[in-house]
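Contents: one structure, followed by commentary.
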Amino acid sequence: AQKITQTQPGMFVQEKEAVTLDCTYDTSDQSYGLFWYKQPSSGEMIFLIYQGSYDEQNATEGRYSLNFQKARKSANLVISASQLGDSAMYFCAMREGNTGRRALTFGSGTRLQVQP
Amino acid sequence: DAGVIQSPRHEVTEMGQEVTLRCKPISGHDYLFWYRQTMMRGLELLIYFNNNVPIDDSGMPEDRFSAKMPNASFSTLKIQPSEPRDSAVYFCASSSLGTGYQETQYFGPGTRLLVL
């Protein structure tokens, strides 16, 4: 079974509107971390936001927020007031805690296109 | 502070040749990761180090791949001999031990490898 599932290969959004990118995960660990990265066409991986499994509040970073629903094992990224520069690939990733393994497992990504 | 530095940024080589990719992590980070990104397999871990010691090399495809970290500020990933199926973007990332599971990995710009 896939550990991280991103079901939206591509998304379109109008400039200035909000958009939600879906991410579901699969783990039996109680402790884990969830991350979102942005990959623009230039190719670099840019860290956006982090959510810990024990964090009681949803994470926010500027226009980015994470809608964390632990019981549903979902960690959706919400981008408010979309900008043209938000057009990129977005990856959800997880670090599982029980094994002590530090590596991230990534989803397949969602390509977001912001239209003027 | 400079981010993760990778060289070369682009490499084109012929099948059978040796390829060496280089990485300088962020100063003070004690974890270093090598990931590979392909269209077919997405982003996957190859190997990671902690304090210059390889911890998990389960993602290294085969004996043709080797990685070293001779000191805290330098790592190499070597492919010998290279094959066309090794064509991919190779990312180096580094992190330091954080609170909880927020050990954010910061990625270098990647090396785009093409094996003809």
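Going by the structure tokens order, chains are called A, B, ..., each with residues numbered from 1, while ligands are numbered from 1 in the order shown.
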Inset, instruction - Run DSSP on the backbone and give me the residues of chain B it puts in strand (DSSP E or B), as JSON, numbers by chain. - result: {"B": [5, 6, 7, 10, 11, 12, 13, 19, 20, 21, 22, 23, 24, 31, 32, 33, 34, 35, 36, 37, 38, 42, 43, 44, 45, 46, 47, 48, 49, 50, 53, 54, 55, 56, 65, 66, 67, 68, 69, 70, 71, 74, 75, 76, 77, 78, 79, 88, 89, 90, 91, 92, 93, 94, 95, 106, 107, 111, 112, 113, 114, 115]}
Inset, instruction - Name the residues in contact with Phe47 (chain A) at a cut-off of 7 Å, using only C-alpha atoms, excluding same-chain residues fewer than 4 positions from it; report them as a PyMOL selection string. - result: (chain A and resi 36-38) or (chain B and resi 106)
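Here is the contact set of chain B against chain A, at 7 Å and counting only C-alpha atoms: Gly42, Leu43, Leu45, Tyr101, Gln102, Tyr106, Phe107, Gly108, Pro109 and Gly110 of chain B.
For the atom pair formed by CA of Lys3 (chain A) and CA of Ser41 (chain A), the distance is 25.5 Å, given to one decimal.
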Inset, instruction - Considering only C-alpha atoms, return as a PyMOL selection string whatever protein or nucleic-acid residues lie within 6 Å of Phe74 (chain B), sequence-local ones (same chain, fewer than 4 positions apart) excluded. - result: chain B and resi 23-24+69
Restricted to C-alpha atoms, what would the selected residues look like written as a CSV table (one decimal), in the first residue's frame?
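The file below, part-v3.csv, is the result:
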chain,number,residue,atom,x,y,z
B,23,CYS,CA,27.0,17.8,-2.3
B,24,LYS,CA,27.8,20.3,0.4
B,69,MET,CA,30.7,11.3,3.3
Inset, instruction - Show which residues sit within 9 Å of Asp56 (chain B), as a ChimeraX atom specification. Count only C-alpha atoms, and ignore same-chain residues fewer than 3 positions away. - result: /A:101,103 /B:46-49,59
Could the residues in this selection be saved with N, CA, C and O atoms as a PDB file, in the first residue's frame?
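To be explicit, this is the file written out as selection26.pdb:
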ATOM      1  N   ARG A 101      13.590   6.153  11.667  1.00  0.00           N
ATOM      2  CA  ARG A 101      14.086   6.420  10.316  1.00  0.00           C
ATOM      3  C   ARG A 101      13.818   7.876   9.970  1.00  0.00           C
ATOM      4  O   ARG A 101      12.717   8.380  10.150  1.00  0.00           O
ATOM      5  N   ALA A 103      14.297   9.377   6.929  1.00  0.00           N
ATOM      6  CA  ALA A 103      14.005   9.691   5.532  1.00  0.00           C
ATOM      7  C   ALA A 103      12.533  10.035   5.344  1.00  0.00           C
ATOM      8  O   ALA A 103      11.669   9.616   6.122  1.00  0.00           O
TER       9      ALA A 103
ATOM     10  N   LEU B  46      17.705   7.298  -1.671  1.00  0.00           N
ATOM     11  CA  LEU B  46      18.778   6.375  -2.025  1.00  0.00           C
ATOM     12  C   LEU B  46      19.539   5.960  -0.769  1.00  0.00           C
ATOM     13  O   LEU B  46      19.694   4.774  -0.481  1.00  0.00           O
ATOM     14  N   ILE B  47      19.996   6.949  -0.011  1.00  0.00           N
ATOM     15  CA  ILE B  47      20.805   6.692   1.168  1.00  0.00           C
ATOM     16  C   ILE B  47      20.783   7.923   2.049  1.00  0.00           C
ATOM     17  O   ILE B  47      20.554   9.031   1.567  1.00  0.00           O
ATOM     18  N   TYR B  48      20.986   7.716   3.375  1.00  0.00           N
ATOM     19  CA  TYR B  48      21.210   8.877   4.204  1.00  0.00           C
ATOM     20  C   TYR B  48      22.265   8.605   5.258  1.00  0.00           C
ATOM     21  O   TYR B  48      22.511   7.461   5.639  1.00  0.00           O
ATOM     22  N   PHE B  49      22.906   9.693   5.687  1.00  0.00           N
ATOM     23  CA  PHE B  49      23.997   9.672   6.636  1.00  0.00           C
ATOM     24  C   PHE B  49      23.611  10.468   7.893  1.00  0.00           C
ATOM     25  O   PHE B  49      22.876  11.449   7.806  1.00  0.00           O
ATOM     26  N   GLY B  59      17.798   2.105  -0.294  1.00  0.00           N
ATOM     27  CA  GLY B  59      17.313   2.604  -1.564  1.00  0.00           C
ATOM     28  C   GLY B  59      18.351   2.611  -2.676  1.00  0.00           C
ATOM     29  O   GLY B  59      18.015   2.894  -3.831  1.00  0.00           O
TER      30      GLY B  59
END
Inset, instruction - For Glu14 (chain B), list every protein, DNA or RNA residue within 10 Å, evaluated using only C-alpha atoms, and leave out those in the same chain fewer than 6 positions away; present the list as an MDAnalysis selection string. - result: chainID B and resid 81:84 114:116
Residues just named, written with C-alpha atoms as a short mmCIF file (atom, residue, chain, number, x, y, z; two decimals), in the first residue's frame:
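Produced file again36.cif, reproduced below:
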data_model
loop_
_atom_site.label_atom_id
_atom_site.label_comp_id
_atom_site.auth_asym_id
_atom_site.auth_seq_id
_atom_site.Cartn_x
_atom_site.Cartn_y
_atom_site.Cartn_z
CA PRO B 81 29.26 2.18 -14.74
CA SER B 82 26.36 4.42 -15.63
CA GLU B 83 23.35 3.17 -17.61
CA PRO B 84 20.56 5.03 -19.44
CA LEU B 114 21.35 12.17 -18.62
CA VAL B 115 23.05 8.93 -19.61
CA LEU B 116 23.09 8.34 -23.35
#
Inset, instruction - Excluding Asp26 (chain A) and residues on its chain fewer than 4 positions from it, collect all residues at most 10 Å away from it, counting only C-alpha atoms, and give them as a list in words. - result: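 Final neighbour list, sorted by chain and number: Ala1, Gln2, Lys3, Ile4, Thr5, Arg72, Lys73, Ser74, Met94 and Glu96 of chain A.
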